[in-house]
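Inspection log for the structure reproduced underneath, given as structure tokens.
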Amino acid sequence: MQYTEIMVRYGELSTKGKNRKDFIYRLGMNVRSVLKDLPEVEVKAQRDRLHVQLNGADANEVMNRLSLVFGIENFSPSIRIEKNMTDIKQTVLEMIKQQYQPGMSFKINTRRQDKDFEFDTNQINLQLGDHVIDNIPGIKVSMKQPDISVRVEIRMNGAYISSETIKGAGGLPVGTGGHATMMLSGGIDSPVASYLGMKRGVKIDMIHFYSPPYTSEQALAKAKELTVKLAKFGGNIQFIQVPFTEAQETIKEKVPEGYLMTVQRRMMLRIAAEITRQRGAMGIFNGESLGQVASQTLESMAAINDVTTLPVLRPLISMDKTEIIKIAEKIDTYELSILPYEDCCTIFTPPSPKTRPNLEKSRKFEQNIDVEGLMQRAIEGIKVTDIAATDEFMNADVEAFAELL
Ligand code: ATP
Ligand code: MG
């Protein structure tokens with residue numbers, strides 16, 4: 001059956017007063033963004049529904065992409081036809097025949113927006129029901145629990161027929177929950193934390209620290225590739241790469257080994273906070289989970305968090321690693337995350353960093369380095385890339401790297 005459009009229903013929160021307009025606008029933009037490479041597709045965001053007109057595009061491909069976008073409650077592939085009973089009867093029958101197995105029951109559910117249409121909803125339901133019963137011997141009608149449920153909508157511009165409802169990703173459209181940054185490594189945790197932030201509608205810009213030549217092009221490509229995966233949940237994401245080599249080398253030279261990790265993290269957070277502030281964003285997400293490693297104890301968090309008053313948001317704070325991995329698998333970031341490319345944090349991490357760093361000492365050891373100058377040079381060296389859900393430029397690279405392993 002050749003579907004002509006996917007009818008998208010908004011998440012229930014969209015019904016809340018004046019936020020509704022913003023919700024619909026953002027969702028429309030986000031959906032357009034994940035379908036950008038299919039120019040024939042048209043997206044019409046209306047008050048009650050979002051209509052994705054296929055104009056010949058592959059319905060399954062479009063539905064696969066829609067199923068990831070936050071803010072969608074569910075959607076139905078639909079066929080738009082002329083508003084006359086002959087065509088409607090024929091299409092409804094064809095749709096039911098496609099799914100029908102002996103013993104199944106059905107139900108027709110009509111909604112009428114065009115009040116001038118020659119029949120009312122009851123009459124339409126009855127006529128269509130009779131037509132189906134006459135043409136499929138043995139089929140039963142069930143109002144409560146039909147096996148096949150066909151929806152007919154008589155709208156101003158045509159009749160829409162659908163019979164499947166597919167669950168969407170839920171959550172809120174990315175962008176309706178404000179703007180923050182995310183500290184994205186190439187690991188398992190930070191992509192999952194990004195996903196959870198986006199689920200609540202937050203637009204996030206990725207901040208990734210890299211340290212050439214200690215970290216490779218592959219490690220950078222991997223972080224960008226993870227960003228492509230995450231863009232599928234809500235559209236384009238800005239990827240900000242921050243050169244961190246000079247800061248790390250200086251810290252390694254000037255700070256006692258037990259405090260290398262803490263001072264390094266303080267520096268990263270300080271730079272991230274400044275970038276966040278410059279972009280008018282309001283918080284910093286990271287992938288920390290309590291007690292997972294030395295830098296993720298409460299004492300460590302206190303010593304590191306000391307450098308900023310911006311909210312530091314940690315969606316994974318009380319999750320177990322196994323729970324985090326489960327989500328990573330679900331959102332398809334796990335396979336990429338476990339590719340073994342060096343992260344700038346781990347290569348300079350001493351074998352036994354302090355698990356209970358002291359705040360005063362952290363501050364004191366930091367006085368050995370030119371914090372302002374290092375920060376300024378790192379920020380001057382940033383490069384920003386706009387990454388789209390439809391980007392494929394790195395896929396090939398990552399696959400090639402994977403083969404080399
Ligand atoms: P992840 O799987 O996210 O790397 P992790 O368990 O390996 O987390 P760490 O490497 O200690 O933990 O990093 C803790 C958090 O610090 C990360 O979740 C991420 O938010 C941030 N982070 C670590 N390395 C980087 C980096 N190179 N660039 C940006 N943020 C980073
Ligand atoms: Mg890591």
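How things are named: the first chain in the structure tokens is A, the next is B, and so on; residues count from 1 in each chain; ligands count from 1 in the order shown.
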
Test item: residues lying within 6 Å of ligand 1 with only C-alpha atoms and all ligand atoms, as a PDB file with C-alpha atoms, in the first residue's frame:
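Saved the output as pocket.pdb:
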```
ATOM      1  CA  MET A 183      30.848  17.658  28.155  1.00  0.00           C
ATOM      2  CA  LEU A 184      31.096  14.890  25.606  1.00  0.00           C
ATOM      3  CA  SER A 185      33.971  12.414  25.687  1.00  0.00           C
ATOM      4  CA  GLY A 186      34.053   9.384  23.440  1.00  0.00           C
ATOM      5  CA  GLY A 187      33.052   7.093  26.306  1.00  0.00           C
ATOM      6  CA  ILE A 188      29.880   5.205  27.109  1.00  0.00           C
ATOM      7  CA  ASP A 189      28.438   7.570  29.693  1.00  0.00           C
ATOM      8  CA  SER A 190      28.376  11.054  28.240  1.00  0.00           C
ATOM      9  CA  ILE A 207      32.057  20.448  24.226  1.00  0.00           C
ATOM     10  CA  HIS A 208      34.840  17.979  23.491  1.00  0.00           C
ATOM     11  CA  PHE A 209      38.393  18.337  24.783  1.00  0.00           C
ATOM     12  CA  TYR A 210      41.138  16.835  22.681  1.00  0.00           C
ATOM     13  CA  ASN A 286      28.242  15.638  32.088  1.00  0.00           C
ATOM     14  CA  GLY A 287      28.245  11.845  32.262  1.00  0.00           C
ATOM     15  CA  GLU A 288      29.338  11.417  35.873  1.00  0.00           C
ATOM     16  CA  SER A 295      36.948  11.711  39.885  1.00  0.00           C
ATOM     17  CA  ASP A 343      40.605  10.064  25.735  1.00  0.00           C
ATOM     18  CA  CYS A 344      42.482  13.198  26.741  1.00  0.00           C
ATOM     19  CA  CYS A 345      41.553  12.596  30.375  1.00  0.00           C
TER      20      CYS A 345
END
```

- Message: Can you tell me, as a VMD selection string, which residues in segment 103-184 of chain A count as strand (DSSP E) by DSSP?
- Response: chain A and resid 105 to 112 140 to 141 148 to 155 158 to 162 166 to 170 179 to 183

Take the residues from that selection and write them out as a PDB file, in the first residue's frame, keeping C-alpha atoms.
```pdb
ATOM      1  CA  SER A 105     -12.316  -8.584  14.112  1.00  0.00           C
ATOM      2  CA  PHE A 106     -12.343  -4.945  12.998  1.00  0.00           C
ATOM      3  CA  LYS A 107     -13.653  -1.523  13.812  1.00  0.00           C
ATOM      4  CA  ILE A 108     -14.043   1.701  11.826  1.00  0.00           C
ATOM      5  CA  ASN A 109     -13.549   4.964  13.629  1.00  0.00           C
ATOM      6  CA  THR A 110     -14.448   8.127  11.720  1.00  0.00           C
ATOM      7  CA  ARG A 111     -13.692  11.755  12.557  1.00  0.00           C
ATOM      8  CA  ARG A 112     -15.179  14.539  10.491  1.00  0.00           C
ATOM      9  CA  LYS A 140     -16.370  -9.879  12.833  1.00  0.00           C
ATOM     10  CA  VAL A 141     -17.029  -6.450  14.269  1.00  0.00           C
ATOM     11  CA  ILE A 148      -7.801  -4.251  13.060  1.00  0.00           C
ATOM     12  CA  SER A 149      -8.777  -0.679  13.776  1.00  0.00           C
ATOM     13  CA  VAL A 150      -9.193   1.663  10.821  1.00  0.00           C
ATOM     14  CA  ARG A 151      -9.340   5.412  11.277  1.00  0.00           C
ATOM     15  CA  VAL A 152     -11.037   7.582   8.683  1.00  0.00           C
ATOM     16  CA  GLU A 153     -10.668  11.347   8.870  1.00  0.00           C
ATOM     17  CA  ILE A 154     -12.719  13.581   6.624  1.00  0.00           C
ATOM     18  CA  ARG A 155     -10.644  16.753   6.484  1.00  0.00           C
ATOM     19  CA  GLY A 158      -9.292  15.054   1.497  1.00  0.00           C
ATOM     20  CA  ALA A 159     -10.015  11.827   3.317  1.00  0.00           C
ATOM     21  CA  TYR A 160      -7.213  10.245   5.388  1.00  0.00           C
ATOM     22  CA  ILE A 161      -7.244   6.526   6.085  1.00  0.00           C
ATOM     23  CA  SER A 162      -4.915   4.804   8.554  1.00  0.00           C
ATOM     24  CA  ILE A 166       3.300   3.393  16.190  1.00  0.00           C
ATOM     25  CA  LYS A 167       4.729   4.560  19.490  1.00  0.00           C
ATOM     26  CA  GLY A 168       7.002   7.599  19.362  1.00  0.00           C
ATOM     27  CA  ALA A 169       9.995   8.485  21.561  1.00  0.00           C
ATOM     28  CA  GLY A 170       7.968  10.586  24.023  1.00  0.00           C
ATOM     29  CA  HIS A 179      19.909  25.622  26.169  1.00  0.00           C
ATOM     30  CA  ALA A 180      22.892  23.994  27.876  1.00  0.00           C
ATOM     31  CA  THR A 181      26.265  22.512  27.010  1.00  0.00           C
ATOM     32  CA  MET A 182      27.363  18.918  27.372  1.00  0.00           C
ATOM     33  CA  MET A 183      30.848  17.658  28.155  1.00  0.00           C
TER      34      MET A 183
END
```

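Nearest-residue note for ligand 2: choosing from A:Asn305, A:Asn19, A:Ser289, A:Gln376, the minimum distance belongs to A:Ser289, counting only C-alpha atoms and all ligand atoms.
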
- With a distance cut-off of 9 Å and only C-alpha atoms, select the neighbouring residues of Tyr341 of chain A, excluding the residue or stretch itself and same-chain residues fewer than 4 positions from it, and output the selection as a ChimeraX atom specification. /A:186,215-216,218-219,222,337

- Residues of segment 33-228 of chain A in helix (DSSP H, G or I) according to DSSP, as a PyMOL selection string? chain A and resi 33-34+59-66+85-99+121-135+189-199+217-228

- Message: Ranking A:Val8, A:Ile338, A:Lys361, A:Lys354 by minimum distance to ligand 2 and counting only C-alpha atoms and all ligand atoms, which one comes first?
- Response: A:Ile338

- Message: Under the rule that only C-alpha atoms are counted, which of A:Lys229, A:Lys252, A:Arg377, A:Arg363 is the nearest residue to Thr349 of chain A?
- Response: A:Lys252

Mind running segment 130-181 of chain A against segment 193-202 of chain A at 8 Å and telling me each contacting residue's nearest atom pair with the distance in Å (one decimal), counting only C-alpha atoms, chain and number ascending, as a Markdown table?
```
| residue | atom | partner | partner_atom | distance |
| --- | --- | --- | --- | --- |
| A:Gly170 | CA | A:Lys199 | CA | 7.9 |
| A:Gly171 | CA | A:Lys199 | CA | 4.9 |
| A:Leu172 | CA | A:Gly201 | CA | 4.6 |
| A:Pro173 | CA | A:Gly201 | CA | 5.1 |
| A:Val174 | CA | A:Gly201 | CA | 4.0 |
| A:Gly175 | CA | A:Val202 | CA | 5.4 |
| A:Thr176 | CA | A:Gly201 | CA | 5.1 |
| A:Gly177 | CA | A:Gly201 | CA | 4.3 |
| A:Gly178 | CA | A:Val202 | CA | 5.1 |
| A:His179 | CA | A:Val202 | CA | 5.6 |
| A:Ala180 | CA | A:Val202 | CA | 6.7 |
```

Output N, CA, C and O atoms for every residue in that selection, as a compact mmCIF listing (two decimals), in the first residue's frame.
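Dumped to again.txt:
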```txt
# COMPACT_ATOMS: atom_id res chain seq x y z
N GLY A 170 8.41 9.87 22.82
CA GLY A 170 7.97 10.59 24.02
C GLY A 170 8.89 11.76 24.30
O GLY A 170 9.55 12.27 23.39
N GLY A 171 8.99 12.18 25.56
CA GLY A 171 9.85 13.31 25.90
C GLY A 171 9.31 14.63 25.37
O GLY A 171 8.15 14.73 24.98
N LEU A 172 10.18 15.63 25.35
CA LEU A 172 9.80 16.97 24.89
C LEU A 172 10.67 17.35 23.69
O LEU A 172 11.83 16.95 23.64
N PRO A 173 10.14 18.13 22.76
CA PRO A 173 10.97 18.51 21.61
C PRO A 173 12.23 19.25 22.07
O PRO A 173 12.15 20.14 22.93
N VAL A 174 13.35 18.84 21.50
CA VAL A 174 14.61 19.48 21.85
C VAL A 174 14.51 20.97 21.53
O VAL A 174 14.09 21.35 20.44
N GLY A 175 14.86 21.81 22.50
CA GLY A 175 14.78 23.26 22.31
C GLY A 175 13.68 23.88 23.17
O GLY A 175 13.73 25.07 23.46
N THR A 176 12.73 23.06 23.60
CA THR A 176 11.66 23.64 24.44
C THR A 176 12.09 23.71 25.91
O THR A 176 11.42 24.34 26.71
N GLY A 177 13.20 23.06 26.23
CA GLY A 177 13.61 23.02 27.64
C GLY A 177 14.86 23.85 27.91
O GLY A 177 15.57 23.61 28.88
N GLY A 178 15.13 24.82 27.06
CA GLY A 178 16.29 25.68 27.28
C GLY A 178 17.54 25.16 26.60
O GLY A 178 17.52 24.17 25.87
N HIS A 179 18.66 25.83 26.89
CA HIS A 179 19.91 25.62 26.17
C HIS A 179 21.03 25.39 27.17
O HIS A 179 21.19 26.15 28.10
N ALA A 180 21.76 24.30 26.99
CA ALA A 180 22.89 23.99 27.88
C ALA A 180 24.05 23.45 27.04
O ALA A 180 23.91 23.26 25.83
```

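Compared by their closest atoms to Gly28 of chain A, and using only C-alpha atoms, the residues A:Ile136, A:Gln99, A:Ile369, A:Gly234 rank with A:Gly234 nearest.
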
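Between atom CA of Met95 of chain A and atom CA of Val41 of chain A there is a distance of 23.1 Å.
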
- Which one is closest to ligand 2: A:Gln367, A:Gln113, A:Gln292, A:Thr385? Count only C-alpha atoms and all ligand atoms.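 Ranked by minimum distance to ligand 2, first place goes to A:Gln292.
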
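In this comparison, which uses only C-alpha atoms, the residue of A:Ile240, A:Ile204, A:Leu310, A:Leu290 approaching Leu269 of chain A most closely is A:Leu310.
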